[in-house]
$ cat query08.txt   # compact mmCIF, C-alpha atoms
# COMPACT_ATOMS: atom_id res chain seq x y z
CA MET A 1 -13.07 23.05 -27.90
CA LYS A 2 -14.30 19.50 -28.70
CA THR A 3 -11.02 18.85 -30.52
CA LYS A 4 -9.02 20.17 -27.57
CA VAL A 5 -10.86 17.90 -25.16
CA PHE A 6 -10.34 14.95 -27.48
CA TYR A 7 -6.58 15.48 -27.79
CA CYS A 8 -6.24 16.12 -24.09
CA CYS A 9 -7.94 12.81 -23.35
CA LEU A 10 -5.88 11.04 -26.00
CA VAL A 11 -2.72 12.17 -24.23
CA LEU A 12 -4.10 10.97 -20.90
CA PHE A 13 -4.93 7.59 -22.45
CA PHE A 14 -1.40 7.13 -23.76
CA LEU A 15 0.10 8.24 -20.45
CA GLY A 16 -1.87 5.50 -18.75
CA PHE A 17 -1.38 2.89 -21.43
CA GLN A 18 2.37 3.39 -21.62
CA GLY A 19 2.65 2.17 -18.03
CA TYR A 20 1.05 -1.10 -19.07
CA VAL A 21 3.20 -1.75 -22.11
CA GLY A 22 6.30 0.15 -20.97
CA ALA A 23 8.10 -2.80 -19.44
CA ARG A 24 7.25 -5.05 -22.38
CA LEU A 25 8.62 -2.60 -24.91
CA LEU A 26 11.98 -2.81 -23.13
CA VAL A 27 12.12 -6.58 -23.66
CA GLU A 28 13.34 -7.74 -27.06
CA SER A 29 11.01 -10.18 -28.77
CA LYS A 30 11.38 -13.88 -27.95
CA PRO A 31 13.38 -16.17 -30.23
CA ASP A 32 11.71 -19.30 -31.59
CA ARG A 33 11.40 -21.79 -28.73
CA ASP A 34 13.16 -24.51 -30.73
CA ASP A 35 16.21 -22.33 -31.21
CA THR A 36 17.50 -23.43 -27.82
CA ALA A 37 20.77 -21.46 -27.69
CA ALA A 38 19.05 -18.27 -28.86
CA TYR A 39 16.30 -18.67 -26.28
CA ALA A 40 18.74 -19.31 -23.44
CA ARG A 41 20.88 -16.30 -24.35
CA TRP A 42 17.75 -14.15 -24.67
CA LEU A 43 16.54 -15.18 -21.20
CA VAL A 44 19.91 -14.33 -19.64
CA SER A 45 20.47 -11.05 -21.45
CA GLN A 46 16.92 -9.71 -20.98
CA ASN A 47 16.80 -10.41 -17.26
CA SER A 48 18.64 -8.19 -14.80
CA TRP A 49 18.30 -10.27 -11.63
CA GLY A 50 18.04 -13.85 -10.45
CA ILE A 51 18.81 -16.15 -7.55
CA LEU A 52 22.46 -17.03 -7.04
CA THR A 53 22.96 -20.12 -4.94
CA THR A 54 26.00 -21.24 -2.99
CA LEU A 55 26.76 -23.82 -0.31
CA SER A 56 26.26 -22.20 3.08
CA ILE A 57 29.18 -22.08 5.51
CA GLU A 58 26.93 -20.97 8.38
CA LEU A 59 24.18 -23.53 7.67
CA GLU A 60 26.41 -26.58 7.35
CA GLY A 61 26.46 -26.97 3.60
CA SER A 62 22.79 -26.22 2.92
CA PRO A 63 22.10 -24.70 -0.48
CA PHE A 64 21.64 -20.96 0.08
CA GLY A 65 19.79 -18.93 -2.58
CA ASN A 66 20.18 -15.16 -2.61
CA VAL A 67 18.56 -12.46 -4.74
CA VAL A 68 21.24 -10.73 -6.84
CA SER A 69 21.52 -8.43 -9.83
CA PHE A 70 23.71 -9.46 -12.74
CA SER A 71 24.71 -8.50 -16.27
CA ASP A 72 26.14 -10.47 -19.16
CA GLY A 73 27.08 -7.32 -21.12
CA VAL A 74 25.75 -3.94 -22.12
CA PRO A 75 22.22 -4.06 -23.62
CA GLY A 76 22.18 -5.72 -27.04
CA LYS A 77 25.70 -7.10 -26.57
CA GLY A 78 25.27 -9.93 -24.08
CA THR A 79 28.05 -12.52 -23.82
CA GLY A 80 26.04 -15.15 -21.96
CA VAL A 81 28.46 -15.02 -19.00
CA PRO A 82 26.80 -13.56 -15.90
CA TYR A 83 28.82 -11.06 -13.85
CA PHE A 84 27.94 -10.00 -10.31
CA TYR A 85 28.89 -7.19 -7.92
CA LEU A 86 29.09 -8.76 -4.47
CA THR A 87 30.42 -7.93 -1.02
CA THR A 88 31.77 -10.40 1.55
CA LEU A 89 29.46 -8.67 4.03
CA ASP A 90 26.91 -10.96 2.37
CA PRO A 91 27.06 -14.77 2.82
CA THR A 92 26.95 -15.53 -0.93
CA ALA A 93 30.42 -14.07 -1.63
CA ARG A 94 31.87 -15.63 1.53
CA ASN A 95 30.44 -19.03 0.61
CA ALA A 96 31.79 -18.80 -2.95
CA LEU A 97 35.30 -17.98 -1.78
CA LYS A 98 35.29 -21.19 0.28
CA ASP A 99 33.49 -23.46 -2.23
CA HIS A 100 33.04 -22.24 -5.80
CA ARG A 101 30.08 -24.50 -6.61
CA SER A 102 27.11 -22.28 -7.50
CA SER A 103 24.08 -21.84 -9.73
CA LEU A 104 22.12 -18.91 -11.12
CA ALA A 105 18.38 -19.44 -11.68
CA ILE A 106 16.39 -17.05 -13.85
CA SER A 107 12.70 -16.96 -14.76
CA GLU A 108 10.97 -15.55 -17.82
CA TYR A 109 8.04 -14.59 -15.60
CA PRO A 110 9.23 -11.10 -14.54
CA LEU A 111 9.84 -10.17 -18.19
CA GLY A 112 6.07 -10.18 -18.65
CA THR A 113 6.24 -12.40 -21.74
CA CYS A 114 4.60 -15.54 -20.29
CA SER A 115 1.07 -14.45 -21.13
CA ASN A 116 -1.22 -16.10 -18.57
CA ALA A 117 1.01 -19.10 -17.84
CA ASP A 118 1.88 -19.96 -14.24
CA PRO A 119 5.53 -19.25 -13.23
CA GLU A 120 6.06 -23.03 -12.80
CA SER A 121 4.46 -23.92 -16.15
CA PRO A 122 6.96 -25.19 -18.76
CA VAL A 123 5.42 -22.62 -21.11
CA CYS A 124 7.00 -19.89 -18.93
CA ALA A 125 10.70 -20.47 -19.50
CA LYS A 126 13.33 -20.94 -16.80
CA ILE A 127 17.03 -21.48 -16.90
CA THR A 128 19.59 -22.62 -14.35
CA LEU A 129 23.26 -22.09 -15.07
CA THR A 130 25.43 -24.23 -12.80
CA GLY A 131 29.17 -23.86 -12.40
CA ARG A 132 31.87 -22.08 -10.41
CA LEU A 133 31.41 -18.63 -8.91
CA VAL A 134 34.84 -16.97 -9.02
CA LEU A 135 36.26 -13.61 -7.98
CA LEU A 136 37.86 -11.59 -10.80
CA GLU A 137 41.20 -9.84 -10.36
CA ALA A 138 40.12 -6.21 -9.78
CA ASN A 139 42.56 -4.73 -12.30
CA SER A 140 41.97 -7.29 -15.06
CA LYS A 141 40.47 -6.39 -18.43
CA GLU A 142 37.62 -8.81 -17.76
CA ALA A 143 36.77 -7.03 -14.48
CA GLU A 144 36.75 -3.72 -16.33
CA PHE A 145 34.42 -5.20 -18.97
CA ALA A 146 32.21 -6.64 -16.22
CA ARG A 147 31.97 -3.33 -14.33
CA THR A 148 30.82 -1.58 -17.52
CA ALA A 149 28.30 -4.37 -18.15
CA LEU A 150 27.01 -4.19 -14.57
CA PHE A 151 26.95 -0.40 -14.14
CA THR A 152 25.15 0.09 -17.47
CA LYS A 153 22.27 -2.19 -16.47
CA HIS A 154 22.43 -1.29 -12.76
CA PRO A 155 23.47 2.40 -12.53
CA GLU A 156 22.76 2.41 -8.78
CA MET A 157 25.77 0.08 -8.23
CA LYS A 158 28.27 2.84 -9.00
CA GLY A 159 27.19 4.64 -5.83
CA TRP A 160 27.29 1.64 -3.48
CA PRO A 161 29.47 2.29 -0.40
CA LYS A 162 33.22 1.98 -1.10
CA GLY A 163 33.73 0.70 2.45
CA HIS A 164 31.59 -2.36 1.68
CA ASP A 165 34.29 -3.63 -0.65
CA PHE A 166 32.09 -4.77 -3.55
CA GLN A 167 34.00 -6.98 -5.99
CA VAL A 168 33.28 -8.47 -9.39
CA PHE A 169 32.50 -12.18 -9.60
CA LYS A 170 31.56 -14.32 -12.58
CA LEU A 171 29.86 -17.64 -13.01
CA GLU A 172 31.99 -20.04 -15.04
CA ILE A 173 29.18 -22.09 -16.55
CA GLU A 174 29.58 -25.87 -16.57
CA ASP A 175 25.98 -27.03 -17.07
CA ILE A 176 22.76 -25.55 -18.47
CA PHE A 177 19.25 -26.61 -17.50
CA MET A 178 16.51 -24.86 -19.48
CA ILE A 179 12.83 -25.56 -19.91
CA ASN A 180 10.93 -23.40 -22.39
CA TRP A 181 8.09 -25.71 -23.47
CA PHE A 182 6.55 -29.10 -22.76
CA GLY A 183 8.82 -32.14 -22.98
CA GLY A 184 11.42 -31.57 -20.28
CA PRO A 185 14.75 -29.72 -20.30
CA LYS A 186 16.16 -28.83 -23.71
CA PRO A 187 19.56 -30.29 -24.61
CA LEU A 188 22.09 -27.43 -24.74
CA THR A 189 25.86 -27.60 -24.26
CA VAL A 190 27.85 -24.75 -22.71
CA ASP A 191 29.75 -24.45 -25.99
CA GLN A 192 26.53 -24.07 -28.03
CA TYR A 193 25.30 -21.49 -25.54
CA LEU A 194 28.48 -19.39 -25.46
CA LYS A 195 29.17 -19.53 -29.19
CA TYR A 196 25.70 -18.31 -30.17
CA LYS A 197 25.91 -14.89 -31.80
CA MET A 198 23.21 -12.47 -30.66
CA MET B 1 -21.32 15.80 -27.67
CA LYS B 2 -18.38 17.42 -25.85
CA THR B 3 -19.46 15.64 -22.68
CA LYS B 4 -19.72 12.30 -24.50
CA VAL B 5 -16.21 12.66 -25.93
CA PHE B 6 -14.90 13.60 -22.51
CA TYR B 7 -16.42 10.56 -20.78
CA CYS B 8 -15.33 8.26 -23.58
CA CYS B 9 -11.75 9.47 -23.20
CA LEU B 10 -11.94 9.21 -19.42
CA VAL B 11 -12.91 5.54 -19.77
CA LEU B 12 -9.98 5.00 -22.17
CA PHE B 13 -7.63 6.67 -19.70
CA PHE B 14 -8.69 4.40 -16.88
CA LEU B 15 -8.46 1.31 -19.11
CA GLY B 16 -4.86 2.23 -19.86
CA PHE B 17 -3.99 3.35 -16.37
CA GLN B 18 -5.40 0.23 -14.73
CA GLY B 19 -2.77 -1.84 -16.54
CA TYR B 20 -0.09 0.21 -14.84
CA VAL B 21 -1.48 0.02 -11.35
CA GLY B 22 -3.31 -3.30 -11.70
CA ALA B 23 -0.55 -5.49 -10.34
CA ARG B 24 0.09 -3.10 -7.46
CA LEU B 25 -3.53 -3.06 -6.40
CA LEU B 26 -3.32 -6.83 -5.94
CA VAL B 27 -0.46 -6.46 -3.49
CA GLU B 28 -1.42 -5.64 0.10
CA SER B 29 0.40 -2.60 1.49
CA LYS B 30 3.83 -3.16 3.06
CA PRO B 31 4.18 -3.50 6.82
CA ASP B 32 6.60 -1.19 8.64
CA ARG B 33 10.13 -2.30 7.81
CA ASP B 34 11.06 -2.55 11.51
CA ASP B 35 8.25 -5.01 12.12
CA THR B 36 10.48 -7.84 10.96
CA ALA B 37 8.09 -10.78 11.38
CA ALA B 38 5.25 -8.90 9.69
CA TYR B 39 7.48 -7.92 6.77
CA ALA B 40 8.79 -11.46 6.29
CA ARG B 41 5.29 -12.96 6.37
CA TRP B 42 4.07 -10.27 3.94
CA LEU B 43 6.89 -11.04 1.48
CA VAL B 44 6.10 -14.76 1.55
CA SER B 45 2.33 -14.46 1.33
CA GLN B 46 2.28 -11.79 -1.40
CA ASN B 47 4.69 -13.61 -3.69
CA SER B 48 3.54 -16.61 -5.71
CA TRP B 49 6.89 -17.89 -6.98
CA GLY B 50 10.54 -18.08 -6.02
CA ILE B 51 13.68 -20.14 -6.47
CA LEU B 52 13.78 -23.44 -4.62
CA THR B 53 17.28 -24.80 -4.18
CA THR B 54 18.42 -28.34 -3.51
CA LEU B 55 21.70 -30.26 -3.67
CA SER B 56 22.06 -31.74 -7.14
CA ILE B 57 22.42 -35.49 -7.51
CA GLU B 58 23.38 -35.18 -11.18
CA LEU B 59 25.87 -32.35 -10.65
CA GLU B 60 27.78 -33.89 -7.73
CA GLY B 61 26.29 -31.91 -4.88
CA SER B 62 26.24 -28.51 -6.56
CA PRO B 63 23.49 -26.19 -5.32
CA PHE B 64 20.71 -26.30 -7.90
CA GLY B 65 18.16 -23.45 -8.00
CA ASN B 66 14.87 -23.98 -9.80
CA VAL B 67 11.96 -21.64 -10.52
CA VAL B 68 8.84 -22.88 -8.69
CA SER B 69 5.41 -21.67 -7.70
CA PHE B 70 4.37 -21.91 -4.07
CA SER B 71 1.63 -20.95 -1.63
CA ASP B 72 1.57 -20.50 2.13
CA GLY B 73 -2.24 -20.41 2.28
CA VAL B 74 -5.25 -18.96 0.57
CA PRO B 75 -5.04 -15.18 -0.01
CA GLY B 76 -5.23 -13.24 3.24
CA LYS B 77 -4.70 -16.37 5.32
CA GLY B 78 -1.02 -17.17 4.88
CA THR B 79 0.61 -19.51 7.41
CA GLY B 80 4.21 -18.66 6.53
CA VAL B 81 4.92 -22.28 5.56
CA PRO B 82 5.58 -22.61 1.81
CA TYR B 83 3.96 -25.54 0.01
CA PHE B 84 4.96 -26.75 -3.46
CA TYR B 85 3.50 -28.98 -6.17
CA LEU B 86 6.42 -30.90 -7.65
CA THR B 87 7.04 -33.90 -9.86
CA THR B 88 10.02 -36.24 -9.72
CA LEU B 89 10.31 -35.73 -13.49
CA ASP B 90 12.07 -32.56 -12.32
CA PRO B 91 15.46 -32.70 -10.54
CA THR B 92 14.34 -30.58 -7.55
CA ALA B 93 11.94 -33.21 -6.19
CA ARG B 94 14.43 -36.04 -6.88
CA ASN B 95 17.20 -34.14 -5.10
CA ALA B 96 14.99 -33.39 -2.09
CA LEU B 97 13.99 -37.04 -1.67
CA LYS B 98 17.70 -37.93 -1.41
CA ASP B 99 18.86 -34.95 0.70
CA HIS B 100 16.23 -32.74 2.33
CA ARG B 101 18.47 -29.67 2.67
CA SER B 102 16.88 -26.83 0.71
CA SER B 103 16.18 -23.11 0.60
CA LEU B 104 13.51 -20.88 -0.92
CA ALA B 105 14.59 -17.40 -2.03
CA ILE B 106 12.02 -14.70 -2.74
CA SER B 107 12.41 -11.10 -3.90
CA GLU B 108 10.18 -8.10 -3.33
CA TYR B 109 11.14 -6.86 -6.79
CA PRO B 110 8.40 -8.63 -8.83
CA LEU B 111 5.73 -7.26 -6.47
CA GLY B 112 6.43 -3.81 -7.95
CA THR B 113 6.79 -2.19 -4.53
CA CYS B 114 10.53 -1.40 -4.66
CA SER B 115 10.06 1.98 -6.32
CA ASN B 116 13.24 2.64 -8.34
CA ALA B 117 15.58 0.54 -6.19
CA ASP B 118 17.81 -2.06 -7.85
CA PRO B 119 16.81 -5.71 -7.19
CA GLU B 120 20.08 -6.18 -5.21
CA SER B 121 19.61 -3.00 -3.16
CA PRO B 122 18.84 -3.64 0.54
CA VAL B 123 15.91 -1.26 0.06
CA CYS B 124 14.26 -3.90 -2.14
CA ALA B 125 13.59 -6.69 0.34
CA LYS B 126 14.65 -10.32 -0.06
CA ILE B 127 14.15 -13.37 2.07
CA THR B 128 15.73 -16.81 2.11
CA LEU B 129 14.04 -19.57 4.08
CA THR B 130 16.41 -22.47 4.66
CA GLY B 131 15.37 -25.87 5.96
CA ARG B 132 14.17 -29.31 4.92
CA LEU B 133 12.08 -29.91 1.80
CA VAL B 134 9.81 -32.84 2.63
CA LEU B 135 7.12 -34.81 0.81
CA LEU B 136 3.68 -34.77 2.46
CA GLU B 137 1.60 -37.92 2.82
CA ALA B 138 -0.93 -37.53 -0.04
CA ASN B 139 -3.97 -38.34 2.11
CA SER B 140 -2.99 -36.23 5.12
CA LYS B 141 -4.99 -33.22 6.29
CA GLU B 142 -1.93 -31.02 5.75
CA ALA B 143 -1.66 -32.16 2.10
CA GLU B 144 -5.34 -31.35 1.62
CA PHE B 145 -4.79 -27.89 3.14
CA ALA B 146 -1.73 -27.40 0.93
CA ARG B 147 -3.57 -28.41 -2.25
CA THR B 148 -6.29 -25.83 -1.52
CA ALA B 149 -3.62 -23.21 -0.77
CA LEU B 150 -1.75 -24.04 -4.01
CA PHE B 151 -4.74 -24.42 -6.34
CA THR B 152 -6.30 -21.16 -5.14
CA LYS B 153 -3.21 -19.14 -5.99
CA HIS B 154 -2.24 -21.29 -9.01
CA PRO B 155 -5.48 -22.49 -10.63
CA GLU B 156 -3.54 -23.90 -13.60
CA MET B 157 -2.04 -26.59 -11.33
CA LYS B 158 -5.35 -28.45 -11.06
CA GLY B 159 -5.08 -29.33 -14.74
CA TRP B 160 -1.46 -30.50 -14.73
CA PRO B 161 -1.07 -34.02 -16.19
CA LYS B 162 -2.04 -36.79 -13.77
CA GLY B 163 0.62 -39.02 -15.31
CA HIS B 164 3.35 -36.63 -14.18
CA ASP B 165 2.65 -37.60 -10.58
CA PHE B 166 2.77 -34.15 -8.99
CA GLN B 167 3.01 -34.34 -5.21
CA VAL B 168 2.82 -31.84 -2.36
CA PHE B 169 6.04 -30.84 -0.62
CA LYS B 170 6.65 -28.35 2.15
CA LEU B 171 9.68 -26.49 3.41
CA GLU B 172 10.21 -27.07 7.12
CA ILE B 173 11.90 -23.78 7.93
CA GLU B 174 14.99 -23.88 10.15
CA ASP B 175 16.60 -20.52 9.41
CA ILE B 176 15.46 -17.14 8.06
CA PHE B 177 17.67 -14.60 6.28
CA MET B 178 15.90 -11.35 5.43
CA ILE B 179 17.20 -7.97 4.34
CA ASN B 180 14.63 -5.17 4.01
CA TRP B 181 16.74 -2.07 4.64
CA PHE B 182 20.32 -0.96 5.21
CA GLY B 183 22.26 -2.56 8.06
CA GLY B 184 22.43 -6.24 7.12
CA PRO B 185 20.05 -9.15 7.73
CA LYS B 186 17.33 -8.57 10.32
CA PRO B 187 17.30 -10.88 13.35
CA LEU B 188 14.22 -13.12 13.13
CA THR B 189 13.69 -16.54 14.67
CA VAL B 190 11.54 -19.22 13.03
CA ASP B 191 9.28 -19.09 16.08
CA GLN B 192 8.74 -15.31 15.77
CA TYR B 193 8.05 -15.76 12.06
CA LEU B 194 5.55 -18.60 12.41
CA LYS B 195 3.71 -17.18 15.41
CA TYR B 196 3.06 -13.81 13.80
CA LYS B 197 -0.67 -13.31 13.23
CA MET B 198 -1.51 -11.77 9.85
$ encode --input "query08.txt" --output "structure tokens"
Amino acid sequence: MKTKVFYCCLVLFFLGFQGYVGARLLVESKPDRDDTAAYARWLVSQNSWGILTTLSIELEGSPFGNVVSFSDGVPGKGTGVPYFYLTTLDPTARNALKDHRSSLAISEYPLGTCSNADPESPVCAKITLTGRLVLLEANSKEAEFARTALFTKHPEMKGWPKGHDFQVFKLEIEDIFMINWFGGPKPLTVDQYLKYKM
Amino acid sequence: MKTKVFYCCLVLFFLGFQGYVGARLLVESKPDRDDTAAYARWLVSQNSWGILTTLSIELEGSPFGNVVSFSDGVPGKGTGVPYFYLTTLDPTARNALKDHRSSLAISEYPLGTCSNADPESPVCAKITLTGRLVLLEANSKEAEFARTALFTKHPEMKGWPKGHDFQVFKLEIEDIFMINWFGGPKPLTVDQYLKYKM
């Protein structure tokens, strides 16, 4: 009986504990912080959402940030290029079709790997990819690749209303701003970022 | 002995389980989704970080999103006005001093209250406050209030290097975009938002 009680409680403990570590187990371990390209690609591929910013048509050119989901590839095979599934019912897609200038900002904080650091601390990494937010031709191979990348990480998207005319967009990256430690933004070219092999 | 083992395991279970529910216990319960002002104020006061966007000087006017911490008041006494602790070593503060146009985007997702909804789903709320990002006079009463609001929610800030010249900024809100259910953005004026009593 004592053994039964013990094992029963052990199971209960693990059921509880798995909630705590569950999310962290899903995140691949961090690259070395001095391996700038690796760190940047890790941040982008491990995150599933961020803030996509465009220039607002309705608010006279103000920068307009919007919470979006994205994917740079199926898990473990990220390309570094963020793809989005957007509808022109939402201002972000409308803004981008008028002026492509855009940025995607991502934080390490929601990954749960910043220990006790504040979200604004340089010890908790952040990356901003700036460039052009462009609509992909729906029948192109790249759009097909992007849909697989998006629907794998965001299965709910497949069921989003057909009538809302969701389309695939990508951010053509022109500049990278990343801080992952003290000392200011790390130098990193788009070429170094894209050519890094995961 | 059996009783001892049982209680020991019960303690272990709660230690594990508290990790899972810990973050959620810190978040006050959601207002009714049709109480738009209450929901917006809840989203802003419960979150501690977001993406603050400005118009980039270095990147020829591109919208530049940056991960920042903020506070709208001490816990339980939010004002709805987001305050920030920024340094001009960072582009966001430099951009804002040249062109005040800015927005702060916040997601419900990191609060852990979206159940299984995707971060881009309208069921997982998001808010974008657009307006003017302005520097507060360091010796003003408002700056003193803001420092208390910031340092209470972000104790680490108090120790940030003096030489980095951190200063208090606030977002003067001019427009509110919030989605917290199906049916598009909810109508909400700045006046309704600010006058809501928590």
$ closest_residue --input "query08.txt" --among "A:Gln167, A:Gln192, A:Thr87, A:Ser107" --to "chain B" --atoms "only C-alpha atoms"
A:Ser107
$ residues_around --input "query08.txt" --residues "stretch 73-80 of chain B" --least-positions-apart "6" --cutoff "6 Å" --atoms "all atoms listed in the file" --output "ChimeraX atom specification"
/B:41,45,149
$ atom_distance --input "query08.txt" --atom1 "atom CA of A:Arg147" --atom2 "atom CA of A:Thr113"
28.3 Å
$ closest_residue --input "query08.txt" --among "A:Ile176, A:Val67, A:Val168, A:Leu43" --to "chain B" --atoms "all atoms listed in the file"
A:Val67
$ closest_residue --input "query08.txt" --among "A:Asp191, A:Asp34, A:Asp175, A:Asp72" --to "chain B" --atoms "all atoms listed in the file"
A:Asp175
$ residues_near_point --input "query08.txt" --point "(34.4, -6.1, -17.8)" --cutoff "12 Å" --atoms "all atoms listed in the file" --output "JSON, numbers by chain"
{"A": [71, 72, 73, 74, 78, 79, 81, 82, 83, 84, 85, 136, 137, 138, 139, 140, 141, 142, 143, 144, 145, 146, 147, 148, 149, 150, 151, 152, 167, 168, 169, 170]}
$ closest_residue --input "query08.txt" --among "B:Asn95, B:Ser115, B:Ser121, B:Asn66" --to "A:Pro185" --atoms "all atoms listed in the file"
B:Asn66
$ closest_residue --input "query08.txt" --among "B:Trp181, B:Val123, B:Met157, B:Leu97" --to "B:Phe70" --atoms "all atoms listed in the file"
B:Met157
$ atom_distance --input "query08.txt" --atom1 "atom CA of A:Gly183" --atom2 "atom CA of B:Asp165"
14.9 Å
$ atom_distance --input "query08.txt" --atom1 "atom CA of A:Lys197" --atom2 "atom CA of A:Trp42"
10.9 Å
$ closest_residue --input "query08.txt" --among "A:Pro187, A:Pro63, A:Pro155, A:Gly163" --to "B:Leu104" --atoms "only C-alpha atoms"
A:Pro63
$ residues_around --input "query08.txt" --residues "A:Asn47" --least-positions-apart "2" --cutoff "8 Å" --atoms "all atoms listed in the file" --output "PyMOL selection string"
chain A and resi 43-45+49-50+106+108+111
$ residues_near_point --input "query08.txt" --point "(17.7, -23.9, -25.4)" --cutoff "12 Å" --atoms "all atoms listed in the file" --output "PyMOL selection string"
chain A and resi 31-44+125-129+176-181+184-190+192-194+196
$ build_atoms --input "query08.txt" --residues "stretch 103-116 of chain B" --atoms "N, CA, C and O atoms" --output "PDB file, in the coordinates of the input"
ATOM      1  N   SER B 103      16.563 -24.478   0.229  1.00  0.00           N
ATOM      2  CA  SER B 103      16.180 -23.110   0.600  1.00  0.00           C
ATOM      3  C   SER B 103      15.246 -22.537  -0.451  1.00  0.00           C
ATOM      4  O   SER B 103      15.268 -22.944  -1.616  1.00  0.00           O
ATOM      5  N   LEU B 104      14.413 -21.607  -0.006  1.00  0.00           N
ATOM      6  CA  LEU B 104      13.510 -20.880  -0.920  1.00  0.00           C
ATOM      7  C   LEU B 104      13.872 -19.402  -0.841  1.00  0.00           C
ATOM      8  O   LEU B 104      13.851 -18.816   0.246  1.00  0.00           O
ATOM      9  N   ALA B 105      14.237 -18.827  -1.990  1.00  0.00           N
ATOM     10  CA  ALA B 105      14.590 -17.400  -2.030  1.00  0.00           C
ATOM     11  C   ALA B 105      13.525 -16.629  -2.788  1.00  0.00           C
ATOM     12  O   ALA B 105      13.072 -17.046  -3.863  1.00  0.00           O
ATOM     13  N   ILE B 106      13.124 -15.512  -2.203  1.00  0.00           N
ATOM     14  CA  ILE B 106      12.020 -14.700  -2.740  1.00  0.00           C
ATOM     15  C   ILE B 106      12.453 -13.229  -2.748  1.00  0.00           C
ATOM     16  O   ILE B 106      13.075 -12.754  -1.794  1.00  0.00           O
ATOM     17  N   SER B 107      12.084 -12.524  -3.782  1.00  0.00           N
ATOM     18  CA  SER B 107      12.410 -11.100  -3.900  1.00  0.00           C
ATOM     19  C   SER B 107      11.147 -10.253  -3.838  1.00  0.00           C
ATOM     20  O   SER B 107      10.080 -10.660  -4.304  1.00  0.00           O
ATOM     21  N   GLU B 108      11.295  -9.055  -3.300  1.00  0.00           N
ATOM     22  CA  GLU B 108      10.180  -8.100  -3.330  1.00  0.00           C
ATOM     23  C   GLU B 108      10.024  -7.491  -4.725  1.00  0.00           C
ATOM     24  O   GLU B 108       8.961  -6.968  -5.077  1.00  0.00           O
ATOM     25  N   TYR B 109      11.097  -7.572  -5.517  1.00  0.00           N
ATOM     26  CA  TYR B 109      11.140  -6.860  -6.790  1.00  0.00           C
ATOM     27  C   TYR B 109       9.912  -7.123  -7.689  1.00  0.00           C
ATOM     28  O   TYR B 109       9.304  -6.173  -8.182  1.00  0.00           O
ATOM     29  N   PRO B 110       9.534  -8.404  -7.926  1.00  0.00           N
ATOM     30  CA  PRO B 110       8.400  -8.630  -8.830  1.00  0.00           C
ATOM     31  C   PRO B 110       7.058  -8.133  -8.290  1.00  0.00           C
ATOM     32  O   PRO B 110       6.097  -8.053  -9.049  1.00  0.00           O
ATOM     33  N   LEU B 111       6.988  -7.793  -7.001  1.00  0.00           N
ATOM     34  CA  LEU B 111       5.730  -7.260  -6.470  1.00  0.00           C
ATOM     35  C   LEU B 111       5.498  -5.813  -6.949  1.00  0.00           C
ATOM     36  O   LEU B 111       4.388  -5.299  -6.852  1.00  0.00           O
ATOM     37  N   GLY B 112       6.575  -5.174  -7.432  1.00  0.00           N
ATOM     38  CA  GLY B 112       6.430  -3.810  -7.950  1.00  0.00           C
ATOM     39  C   GLY B 112       6.394  -2.761  -6.860  1.00  0.00           C
ATOM     40  O   GLY B 112       5.954  -1.641  -7.087  1.00  0.00           O
ATOM     41  N   THR B 113       6.871  -3.130  -5.661  1.00  0.00           N
ATOM     42  CA  THR B 113       6.790  -2.190  -4.530  1.00  0.00           C
ATOM     43  C   THR B 113       8.170  -1.670  -4.110  1.00  0.00           C
ATOM     44  O   THR B 113       8.333  -1.168  -2.995  1.00  0.00           O
ATOM     45  N   CYS B 114       9.170  -1.843  -5.009  1.00  0.00           N
ATOM     46  CA  CYS B 114      10.530  -1.400  -4.660  1.00  0.00           C
ATOM     47  C   CYS B 114      10.843  -0.013  -5.212  1.00  0.00           C
ATOM     48  O   CYS B 114      12.019   0.391  -5.186  1.00  0.00           O
ATOM     49  N   SER B 115       9.845   0.658  -5.729  1.00  0.00           N
ATOM     50  CA  SER B 115      10.060   1.980  -6.320  1.00  0.00           C
ATOM     51  C   SER B 115      11.169   1.860  -7.366  1.00  0.00           C
ATOM     52  O   SER B 115      11.125   0.971  -8.206  1.00  0.00           O
ATOM     53  N   ASN B 116      12.183   2.704  -7.313  1.00  0.00           N
ATOM     54  CA  ASN B 116      13.240   2.640  -8.340  1.00  0.00           C
ATOM     55  C   ASN B 116      14.474   1.884  -7.875  1.00  0.00           C
ATOM     56  O   ASN B 116      15.502   1.917  -8.545  1.00  0.00           O
TER      57      ASN B 116
END
